[in-house]
file start_2.cif (mmCIF, C-alpha atoms)
data_run
#
loop_
_atom_site.label_atom_id
_atom_site.label_comp_id
_atom_site.auth_asym_id
_atom_site.auth_seq_id
_atom_site.Cartn_x
_atom_site.Cartn_y
_atom_site.Cartn_z
CA MET A 279 9.23 23.42 3.88
CA ASN A 280 11.62 20.96 2.22
CA ALA A 281 10.85 19.54 -1.21
CA ILE A 282 9.98 15.85 -1.42
CA PRO A 283 13.13 13.75 -1.98
CA PHE A 284 13.71 12.25 -5.42
CA SER A 285 15.73 9.11 -6.03
CA VAL A 286 16.83 7.06 -9.06
CA LEU A 287 15.95 3.48 -9.93
CA ASP A 288 18.32 2.26 -12.64
CA LEU A 289 17.93 -1.05 -14.46
CA SER A 290 21.26 -0.46 -16.24
CA PRO A 291 19.55 -0.81 -19.63
CA ILE A 292 21.48 -2.62 -22.33
CA THR A 293 20.51 -0.86 -25.53
CA MET A 294 20.33 -2.48 -28.94
CA GLY A 295 23.79 -2.33 -30.44
CA GLY A 296 25.37 -1.89 -27.00
CA ASP A 297 26.74 -4.25 -24.39
CA ALA A 298 26.82 -4.65 -20.62
CA GLY A 299 30.11 -2.80 -20.24
CA HIS A 300 28.73 0.26 -22.00
CA SER A 301 25.56 0.05 -19.92
CA LEU A 302 27.45 -0.10 -16.63
CA ARG A 303 29.63 2.86 -17.58
CA ASN A 304 26.45 4.81 -18.31
CA THR A 305 25.07 3.75 -14.94
CA LEU A 306 28.04 5.25 -13.13
CA ASP A 307 27.83 8.43 -15.20
CA LEU A 308 24.14 8.82 -14.37
CA ALA A 309 24.82 8.21 -10.68
CA GLN A 310 27.49 10.91 -10.66
CA HIS A 311 25.09 13.37 -12.29
CA ALA A 312 22.28 12.36 -9.91
CA GLU A 313 24.56 13.04 -6.96
CA ARG A 314 25.34 16.54 -8.24
CA TRP A 315 21.66 17.21 -8.93
CA GLY A 316 20.62 16.37 -5.37
CA PHE A 317 18.93 12.97 -5.74
CA ARG A 318 18.81 11.15 -2.41
CA ARG A 319 19.58 7.56 -3.38
CA TYR A 320 20.52 5.45 -6.38
CA TRP A 321 19.08 1.95 -6.49
CA LEU A 322 19.75 -0.99 -8.80
CA ALA A 323 17.50 -3.98 -9.37
CA GLU A 324 18.12 -7.72 -9.53
CA HIS A 325 16.81 -9.31 -12.72
CA HIS A 326 18.09 -12.47 -14.42
CA ASN A 327 18.05 -13.82 -17.97
CA MET A 328 16.97 -10.39 -19.23
CA PRO A 329 18.88 -9.29 -22.35
CA GLY A 330 18.13 -5.63 -21.68
CA ILE A 331 19.22 -5.40 -18.00
CA ALA A 332 22.86 -5.38 -16.83
CA SER A 333 22.34 -5.33 -13.05
CA ALA A 334 21.90 -9.07 -12.36
CA ALA A 335 24.95 -9.12 -10.05
CA THR A 336 23.35 -6.32 -8.06
CA SER A 337 25.79 -6.07 -5.17
CA VAL A 338 28.71 -5.86 -7.61
CA VAL A 339 27.07 -3.01 -9.52
CA ILE A 340 26.29 -1.23 -6.24
CA CYS A 341 30.00 -1.39 -5.41
CA HIS A 342 30.81 0.03 -8.87
CA VAL A 343 28.44 2.97 -8.33
CA ALA A 344 29.41 3.64 -4.73
CA SER A 345 33.11 3.62 -5.69
CA GLY A 346 32.52 6.39 -8.21
CA THR A 347 30.33 8.61 -6.00
CA SER A 348 30.79 10.10 -2.55
CA THR A 349 27.52 11.24 -0.94
CA ILE A 350 24.49 9.72 -2.65
CA ARG A 351 23.04 6.61 -0.98
CA VAL A 352 23.42 3.49 -3.12
CA GLY A 353 21.44 0.31 -2.77
CA ALA A 354 19.29 -2.50 -4.07
CA GLY A 355 15.79 -2.01 -5.30
CA GLY A 356 15.96 -4.81 -4.77
CA ILE A 357 17.57 -8.07 -3.86
CA MET A 358 15.14 -10.92 -4.57
CA LEU A 359 15.50 -12.78 -1.30
CA PRO A 360 14.12 -16.18 -2.44
CA ASN A 361 17.13 -16.44 -4.77
CA HIS A 362 19.68 -16.19 -1.95
CA ALA A 363 20.56 -17.51 1.46
CA PRO A 364 20.02 -14.66 3.95
CA LEU A 365 23.55 -15.19 5.29
CA VAL A 366 25.06 -14.53 1.85
CA VAL A 367 23.04 -11.32 1.48
CA ALA A 368 24.13 -10.20 4.96
CA GLU A 369 27.79 -10.83 4.08
CA GLN A 370 27.53 -9.00 0.74
CA PHE A 371 25.82 -5.93 2.15
CA GLY A 372 27.89 -6.01 5.32
CA THR A 373 30.93 -5.81 3.03
CA LEU A 374 29.41 -2.91 1.11
CA GLU A 375 28.64 -1.09 4.36
CA ALA A 376 32.21 -1.65 5.53
CA LEU A 377 33.51 -0.17 2.29
CA PHE A 378 31.02 2.72 2.10
CA PRO A 379 29.86 3.46 5.66
CA GLY A 380 26.45 5.06 6.01
CA ARG A 381 25.62 5.01 2.30
CA ILE A 382 24.19 1.54 1.61
CA ASP A 383 20.48 0.56 1.40
CA LEU A 384 19.08 -2.97 1.15
CA GLY A 385 15.66 -3.31 -0.43
CA LEU A 386 14.18 -6.82 -0.36
CA GLY A 387 11.63 -8.42 -2.67
CA ARG A 388 10.00 -11.84 -2.70
CA ALA A 389 9.67 -12.31 -6.49
CA PRO A 390 12.39 -14.28 -8.29
CA GLY A 391 13.13 -11.48 -10.77
CA SER A 392 13.10 -14.09 -13.52
CA ASP A 393 11.11 -16.92 -15.07
CA GLN A 394 10.77 -20.30 -13.37
CA THR A 395 13.43 -21.98 -15.52
CA THR A 396 15.92 -19.26 -14.63
CA ALA A 397 14.89 -19.44 -10.98
CA ARG A 398 15.70 -23.14 -11.02
CA ALA A 399 19.11 -22.42 -12.55
CA LEU A 400 19.78 -19.84 -9.82
CA ARG A 401 18.81 -22.09 -6.91
CA ARG A 402 19.27 -25.59 -8.44
CA ASN A 403 15.80 -26.37 -7.08
CA LEU A 404 12.62 -24.50 -6.28
CA GLU A 405 12.36 -25.52 -2.64
CA SER A 406 12.69 -21.88 -1.60
CA ASP A 407 9.17 -20.72 -0.83
CA PRO A 408 8.32 -17.06 -1.58
CA ASP A 409 5.68 -17.28 1.17
CA GLN A 410 8.57 -17.74 3.63
CA PHE A 411 9.71 -14.24 2.76
CA PRO A 412 8.87 -12.68 6.17
CA GLN A 413 10.86 -15.37 7.97
CA ASP A 414 13.78 -14.88 5.56
CA VAL A 415 13.72 -11.14 6.27
CA ILE A 416 13.82 -11.75 10.02
CA GLU A 417 16.71 -14.20 9.60
CA LEU A 418 18.59 -11.59 7.57
CA MET A 419 17.90 -8.97 10.24
CA ARG A 420 19.44 -11.23 12.87
CA TYR A 421 22.62 -11.58 10.82
CA LEU A 422 22.91 -7.79 10.54
CA ALA A 423 22.15 -7.20 14.23
CA PRO A 424 24.75 -7.24 17.02
CA ALA A 425 25.78 -10.77 17.91
CA GLU A 426 23.75 -12.48 20.61
CA PRO A 427 25.25 -14.68 23.32
CA GLY A 428 25.84 -18.15 21.96
CA GLN A 429 25.12 -17.20 18.34
CA ARG A 430 27.00 -19.78 16.27
CA VAL A 431 26.68 -18.30 12.77
CA LEU A 432 27.86 -14.73 12.21
CA ALA A 433 27.88 -12.64 9.04
CA ILE A 434 31.42 -11.31 8.79
CA PRO A 435 31.30 -8.59 7.57
CA GLY A 436 27.69 -7.79 8.43
CA VAL A 437 27.15 -8.48 12.10
CA GLY A 438 26.28 -5.25 13.92
CA SER A 439 26.18 -3.21 10.72
CA LYS A 440 23.66 -0.44 10.19
CA VAL A 441 22.42 -1.29 6.69
CA PRO A 442 18.78 -0.09 6.63
CA LEU A 443 16.33 -2.65 5.30
CA TRP A 444 13.39 -1.81 3.04
CA ILE A 445 10.53 -4.03 1.92
CA LEU A 446 9.61 -3.83 -1.76
CA GLY A 447 6.23 -4.81 -3.11
CA SER A 448 3.78 -4.69 -5.98
CA SER A 449 0.80 -5.95 -3.97
CA THR A 450 -0.65 -5.75 -0.48
CA PHE A 451 1.56 -8.61 0.74
CA GLY A 452 4.70 -6.47 0.85
CA ALA A 453 2.76 -3.64 2.48
CA GLN A 454 1.68 -5.94 5.31
CA VAL A 455 5.19 -7.33 5.81
CA ALA A 456 6.70 -3.83 5.94
CA ALA A 457 4.03 -2.67 8.38
CA ALA A 458 4.39 -5.69 10.66
CA LEU A 459 8.19 -5.41 10.82
CA GLY A 460 8.22 -1.63 11.09
CA LEU A 461 10.30 -1.13 7.94
CA PRO A 462 10.16 1.47 5.16
CA PHE A 463 8.11 0.36 2.16
CA ALA A 464 8.83 0.91 -1.54
CA PHE A 465 5.91 0.16 -3.85
CA ALA A 466 6.49 -0.74 -7.52
CA SER A 467 3.91 1.67 -8.89
CA HIS A 468 6.14 2.28 -11.92
CA PHE A 469 5.04 -1.05 -13.42
CA ALA A 470 2.31 -2.47 -11.15
CA PRO A 471 0.07 0.40 -10.05
CA ALA A 472 -3.19 -1.54 -9.81
CA MET A 473 -3.01 -2.16 -6.03
CA MET A 474 -1.06 0.97 -5.13
CA MET A 475 -3.70 2.85 -3.16
CA GLN A 476 -4.83 -0.27 -1.28
CA ALA A 477 -1.22 -1.11 -0.40
CA ILE A 478 -0.54 2.44 0.79
CA GLU A 479 -3.58 2.40 3.05
CA LEU A 480 -2.70 -1.00 4.52
CA TYR A 481 0.91 -0.03 5.16
CA ARG A 482 0.02 3.20 6.91
CA SER A 483 -2.86 1.80 8.94
CA LEU A 484 -1.10 -1.40 10.08
CA PHE A 485 2.36 0.05 10.69
CA ARG A 486 3.97 -0.95 14.00
CA PRO A 487 6.91 1.17 15.18
CA SER A 488 10.20 -0.69 15.38
CA ALA A 489 13.77 -0.09 16.40
CA GLN A 490 14.52 0.88 12.80
CA LEU A 491 11.58 3.20 12.17
CA ASP A 492 9.08 4.97 14.41
CA ARG A 493 6.64 6.07 11.67
CA PRO A 494 5.71 4.77 8.22
CA TYR A 495 8.02 5.79 5.41
CA LEU A 496 6.66 5.30 1.89
CA MET A 497 8.57 5.51 -1.37
CA LEU A 498 6.74 5.12 -4.68
CA GLY A 499 8.12 4.16 -8.08
CA PHE A 500 7.45 6.51 -10.97
CA ASN A 501 8.26 6.51 -14.69
CA LEU A 502 9.92 9.65 -15.97
CA PHE A 503 10.27 10.69 -19.61
CA ALA A 504 11.08 14.38 -19.53
CA ALA A 505 12.38 16.37 -22.48
CA ASP A 506 12.30 19.92 -23.78
CA SER A 507 9.01 19.28 -25.60
CA ASP A 508 6.03 16.97 -25.23
CA ALA A 509 6.64 15.52 -28.69
CA GLU A 510 10.26 14.63 -27.92
CA ALA A 511 9.30 13.03 -24.60
CA ARG A 512 6.57 10.93 -26.21
CA LEU A 513 9.10 9.70 -28.77
CA LEU A 514 11.67 8.84 -26.08
CA ALA A 515 9.05 6.86 -24.15
CA THR A 516 8.49 4.49 -27.07
CA SER A 517 11.71 2.62 -26.24
CA MET A 518 10.36 1.55 -22.87
CA GLN A 519 6.93 0.89 -24.36
CA GLN A 520 8.44 -1.45 -26.96
CA ALA A 521 10.52 -3.22 -24.32
CA PHE A 522 7.49 -3.74 -22.07
CA VAL A 523 5.30 -5.08 -24.87
CA ASN A 524 8.10 -7.43 -25.88
CA LEU A 525 8.49 -8.63 -22.29
CA ARG A 526 4.78 -9.22 -21.78
CA SER A 527 4.75 -11.08 -25.11
CA GLY A 528 7.34 -13.53 -23.81
CA ARG A 529 10.26 -12.23 -25.90
CA PRO A 530 12.34 -9.84 -23.79
CA THR A 531 14.83 -7.77 -25.76
CA GLN A 532 17.49 -5.16 -25.33
CA LEU A 533 16.15 -1.62 -25.01
CA PRO A 534 15.21 -0.62 -28.59
CA PRO A 535 15.61 2.80 -30.18
CA PRO A 536 12.53 5.05 -30.20
CA VAL A 537 10.01 4.70 -33.03
CA GLU A 538 7.80 7.47 -34.35
CA GLY A 539 4.12 6.66 -34.04
CA TYR A 540 4.74 3.37 -32.21
CA ASP A 541 1.51 3.44 -30.22
CA SER A 542 -0.57 4.00 -33.35
CA GLU A 543 0.54 0.59 -34.64
CA LEU A 544 -0.34 -1.31 -31.48
CA PRO A 545 -3.43 -3.52 -31.21
CA PRO A 546 -6.04 -2.37 -28.67
CA ALA A 547 -5.04 -5.02 -26.13
CA ALA A 548 -1.42 -3.85 -26.09
CA LYS A 549 -2.49 -0.21 -25.80
CA ALA A 550 -4.71 -1.05 -22.85
CA MET A 551 -1.92 -3.02 -21.17
CA LEU A 552 0.51 -0.11 -21.50
CA ALA A 553 -2.09 2.35 -20.21
CA ASP A 554 -2.59 0.17 -17.12
CA VAL A 555 1.00 -0.63 -16.23
CA LEU A 556 2.37 2.84 -17.02
CA ALA A 557 -0.33 4.78 -15.18
CA SER A 558 2.27 6.20 -12.76
CA SER A 559 4.24 8.13 -15.35
CA ALA A 560 5.13 11.62 -16.48
CA ILE A 561 5.83 12.01 -20.19
CA GLY A 562 6.41 15.49 -21.57
CA SER A 563 8.01 18.89 -21.31
CA PRO A 564 9.02 20.39 -17.94
CA ASP A 565 5.57 21.94 -17.48
CA THR A 566 3.80 18.69 -18.36
CA VAL A 567 6.02 16.68 -16.04
CA ARG A 568 5.55 19.18 -13.21
CA ARG A 569 1.76 18.89 -13.45
CA ALA A 570 1.87 15.08 -13.57
CA LEU A 571 4.20 14.85 -10.60
CA ALA A 572 2.19 17.34 -8.57
CA ALA A 573 -1.02 15.40 -9.20
CA PHE A 574 0.61 12.09 -8.27
CA ILE A 575 2.10 13.49 -5.07
CA GLU A 576 -1.19 15.09 -4.07
CA ARG A 577 -3.06 11.81 -4.60
CA THR A 578 -0.61 9.44 -2.89
CA LYS A 579 1.31 11.67 -0.43
CA PRO A 580 4.55 9.68 -0.49
CA ASP A 581 7.60 10.46 1.60
CA GLU A 582 9.83 9.98 -1.42
CA LEU A 583 9.67 9.22 -5.16
CA ILE A 584 12.07 6.88 -6.92
CA MET A 585 12.14 7.46 -10.66
CA THR A 586 13.10 5.23 -13.53
CA SER A 587 13.80 6.67 -16.95
CA GLN A 588 14.23 3.90 -19.53
CA ILE A 589 15.51 6.03 -22.42
CA PHE A 590 17.62 4.70 -25.28
CA ASP A 591 19.97 7.66 -25.69
CA HIS A 592 22.12 8.24 -22.62
CA SER A 593 22.32 12.01 -23.03
CA ALA A 594 18.52 12.18 -23.31
CA ARG A 595 18.23 10.05 -20.16
CA LEU A 596 20.51 12.46 -18.32
CA ARG A 597 18.39 15.36 -19.52
CA SER A 598 15.23 13.65 -18.25
CA TYR A 599 16.61 13.42 -14.71
CA GLU A 600 18.05 16.94 -14.90
CA ILE A 601 14.58 18.29 -15.69
CA ALA A 602 13.14 16.41 -12.72
CA ALA A 603 15.82 17.84 -10.44
CA ASP A 604 15.09 21.36 -11.71
CA ILE A 605 11.36 21.15 -11.02
CA ARG A 606 11.57 19.31 -7.68
CA ALA A 607 11.58 22.47 -5.56
CA SER A 608 8.30 23.65 -7.09
CA LEU A 609 6.38 20.48 -6.19
CA PRO A 610 4.17 20.05 -3.12
CA ASN A 611 5.62 18.40 -0.04
CA ASN A 612 3.62 15.87 1.96
CA GLN A 613 4.70 17.13 5.36
CA ASP A 614 1.93 16.92 7.96
CA SER A 615 -0.05 14.57 5.70
CA GLY A 616 0.11 10.94 4.69
CA SER A 617 2.60 9.15 6.91
CA GLY A 618 3.72 12.40 8.46
CA SER A 619 7.46 11.79 8.24
CA GLY A 620 7.94 14.81 6.01
CA GLY A 621 10.79 13.29 4.02
CA ARG A 622 12.85 12.31 7.10
CA GLU A 623 15.53 9.79 6.18
CA PRO A 624 14.60 6.38 7.72
CA ILE A 625 18.11 5.41 8.89
CA PRO A 626 18.19 4.69 12.64
CA PRO A 627 20.60 2.43 14.54
CA ARG A 628 20.30 -1.30 14.01
CA VAL A 629 19.25 -3.53 16.89
CA SER A 630 18.57 -7.21 17.32
CA ALA A 631 15.47 -8.54 15.58
CA SER A 632 14.69 -10.52 18.72
CA SER A 633 13.98 -7.31 20.61
CA ARG A 634 10.83 -6.59 18.62
#
call {"tool": "encode", "arguments": {"input": "start_2.cif", "output": "structure tokens"}}
result
Amino acid sequence: MNAIPFSVLDLSPITMGGDAGHSLRNTLDLAQHAERWGFRRYWLAEHHNMPGIASAATSVVICHVASGTSTIRVGAGGIMLPNHAPLVVAEQFGTLEALFPGRIDLGLGRAPGSDQTTARALRRNLESDPDQFPQDVIELMRYLAPAEPGQRVLAIPGVGSKVPLWILGSSTFGAQVAAALGLPFAFASHFAPAMMMQAIELYRSLFRPSAQLDRPYLMLGFNLFAADSDAEARLLATSMQQAFVNLRSGRPTQLPPPVEGYDSELPPAAKAMLADVLASSAIGSPDTVRRALAAFIERTKPDELIMTSQIFDHSARLRSYEIAADIRASLPNNQDSGSGSGGREPIPPRVSASSR
């Protein structure tokens, strides 16, 4: 029985004292290690006006990573579709697919990935309606499908490409969209786990087979802070904890260095917030991480896990993913349970959205 696939979600963290160039070089280095360690895919996320995230120009960073790797799938986790015209996204990812055939993923989200002021700067107005997200996805699908007779607007490159689409979500809305369109679903349980189980149930129960996917395929986000000891891992995790508290306090920062005893200084409200949002996490030694991952997989039965490891020191971040790769084979597989796809890669041929 094959082990459950692991993937990497990288926010290209800009650490205090560093810069975007250093961050992006670290991103490529991590991707090259992840490829050697057997991770399935490497995704980058679109965020704007965030001093600690270097992946705002997501398609450009995907090209950077794909250029420096050879087998690992590279993609967006995700592109925030309300920020972009679907045609532009189709052209960008059609270009990536032309450059790196069979290796590109396109995950789509409906949040702006920024505050409202930044969203206005991105779009010049806020007429784009996030509730139009399903229609925008279908429009994008048409641009990536083979050309239809009389079609006047073509994505070149993009038309007829086989870029697999994913729906991202942190609520039940994304689950319903993914199910209705027959697309794989990636849930943001690494920072918004509150509705995870409800979203999983809705996605699996409402799923309608499509030309892209015949059965549900679920990928869940998970925070990883693995080190050689529990104490070291807890210390490493304080960088992400600080960054999250700062973000929720309205003052986003670069990723700070770890701080001994950070949680002991937090007020109860901040401790409770961190406990809630970081519920889908493994923090500890290899044995501790193995137990946490096994329990999470048993409870949720995903087809794949995508892990983010927001660690200040790059070598420690590499070690965190190396530990995960080492213990992957000892974890339970969800074959014959959950969605039943047993880790099968959801990459079928692309067809016209109008044939649904």
call {"tool": "closest_residue", "arguments": {"input": "start_2.cif", "among": "A:Arg595, A:Leu609, A:Leu502, A:Gln454", "to": "Ile561 of chain A", "atoms": "all atoms listed in the file"}}
result
A:Leu502
call {"tool": "resolve_selection", "arguments": {"input": "start_2.cif", "expression": "the PyMOL selection byres ((chain A and resi 415) around 9)", "output": "MDAnalysis selection string"}}
result
chainID A and resid 359 364 386 410:414 416:420 443 445
call {"tool": "write_last_selection", "arguments": {"input": "start_2.cif", "atoms": "C-alpha atoms", "output": "PDB file, in the frame of the given file"}}
result
ATOM      1  CA  LEU A 359      15.500 -12.780  -1.300  1.00  0.00           C
ATOM      2  CA  PRO A 364      20.020 -14.660   3.950  1.00  0.00           C
ATOM      3  CA  LEU A 386      14.180  -6.820  -0.360  1.00  0.00           C
ATOM      4  CA  GLN A 410       8.570 -17.740   3.630  1.00  0.00           C
ATOM      5  CA  PHE A 411       9.710 -14.240   2.760  1.00  0.00           C
ATOM      6  CA  PRO A 412       8.870 -12.680   6.170  1.00  0.00           C
ATOM      7  CA  GLN A 413      10.860 -15.370   7.970  1.00  0.00           C
ATOM      8  CA  ASP A 414      13.780 -14.880   5.560  1.00  0.00           C
ATOM      9  CA  ILE A 416      13.820 -11.750  10.020  1.00  0.00           C
ATOM     10  CA  GLU A 417      16.710 -14.200   9.600  1.00  0.00           C
ATOM     11  CA  LEU A 418      18.590 -11.590   7.570  1.00  0.00           C
ATOM     12  CA  MET A 419      17.900  -8.970  10.240  1.00  0.00           C
ATOM     13  CA  ARG A 420      19.440 -11.230  12.870  1.00  0.00           C
ATOM     14  CA  LEU A 443      16.330  -2.650   5.300  1.00  0.00           C
ATOM     15  CA  ILE A 445      10.530  -4.030   1.920  1.00  0.00           C
TER      16      ILE A 445
END
call {"tool": "resolve_selection", "arguments": {"input": "start_2.cif", "expression": "the PyMOL selection byres ((chain A and resi 297-299) around 12)", "output": "list of chain:residue names"}}
result
A:Leu289, A:Ser290, A:Pro291, A:Ile292, A:Thr293, A:Met294, A:Gly295, A:Gly296, A:His300, A:Ser301, A:Leu302, A:Arg303, A:Asn304, A:Thr305, A:Leu306, A:Met328, A:Pro329, A:Gly330, A:Ile331, A:Ala332, A:Ser333, A:Ala334, A:Ala335, A:Val339, A:His342, A:Gln532, A:Leu533
call {"tool": "write_last_selection", "arguments": {"input": "start_2.cif", "atoms": "C-alpha atoms", "output": "PDB file, keeping the file's coordinate frame"}}
result
ATOM      1  CA  LEU A 289      17.930  -1.050 -14.460  1.00  0.00           C
ATOM      2  CA  SER A 290      21.260  -0.460 -16.240  1.00  0.00           C
ATOM      3  CA  PRO A 291      19.550  -0.810 -19.630  1.00  0.00           C
ATOM      4  CA  ILE A 292      21.480  -2.620 -22.330  1.00  0.00           C
ATOM      5  CA  THR A 293      20.510  -0.860 -25.530  1.00  0.00           C
ATOM      6  CA  MET A 294      20.330  -2.480 -28.940  1.00  0.00           C
ATOM      7  CA  GLY A 295      23.790  -2.330 -30.440  1.00  0.00           C
ATOM      8  CA  GLY A 296      25.370  -1.890 -27.000  1.00  0.00           C
ATOM      9  CA  HIS A 300      28.730   0.260 -22.000  1.00  0.00           C
ATOM     10  CA  SER A 301      25.560   0.050 -19.920  1.00  0.00           C
ATOM     11  CA  LEU A 302      27.450  -0.100 -16.630  1.00  0.00           C
ATOM     12  CA  ARG A 303      29.630   2.860 -17.580  1.00  0.00           C
ATOM     13  CA  ASN A 304      26.450   4.810 -18.310  1.00  0.00           C
ATOM     14  CA  THR A 305      25.070   3.750 -14.940  1.00  0.00           C
ATOM     15  CA  LEU A 306      28.040   5.250 -13.130  1.00  0.00           C
ATOM     16  CA  MET A 328      16.970 -10.390 -19.230  1.00  0.00           C
ATOM     17  CA  PRO A 329      18.880  -9.290 -22.350  1.00  0.00           C
ATOM     18  CA  GLY A 330      18.130  -5.630 -21.680  1.00  0.00           C
ATOM     19  CA  ILE A 331      19.220  -5.400 -18.000  1.00  0.00           C
ATOM     20  CA  ALA A 332      22.860  -5.380 -16.830  1.00  0.00           C
ATOM     21  CA  SER A 333      22.340  -5.330 -13.050  1.00  0.00           C
ATOM     22  CA  ALA A 334      21.900  -9.070 -12.360  1.00  0.00           C
ATOM     23  CA  ALA A 335      24.950  -9.120 -10.050  1.00  0.00           C
ATOM     24  CA  VAL A 339      27.070  -3.010  -9.520  1.00  0.00           C
ATOM     25  CA  HIS A 342      30.810   0.030  -8.870  1.00  0.00           C
ATOM     26  CA  GLN A 532      17.490  -5.160 -25.330  1.00  0.00           C
ATOM     27  CA  LEU A 533      16.150  -1.620 -25.010  1.00  0.00           C
TER      28      LEU A 533
END
call {"tool": "atom_distance", "arguments": {"input": "start_2.cif", "atom1": "atom CA of Ser439 of chain A", "atom2": "atom CA of Pro379 of chain A"}}
result
9.1 Å
call {"tool": "atom_distance", "arguments": {"input": "start_2.cif", "atom1": "atom CA of Glu426 of chain A", "atom2": "atom CA of Val366 of chain A"}}
result
18.9 Å
call {"tool": "residues_around", "arguments": {"input": "start_2.cif", "residues": "Ser449 of chain A", "least_positions_apart": "5", "cutoff": "9 Å", "atoms": "all atoms listed in the file", "output": "MDAnalysis selection string"}}
result
chainID A and resid 465:466 470:474 476:477
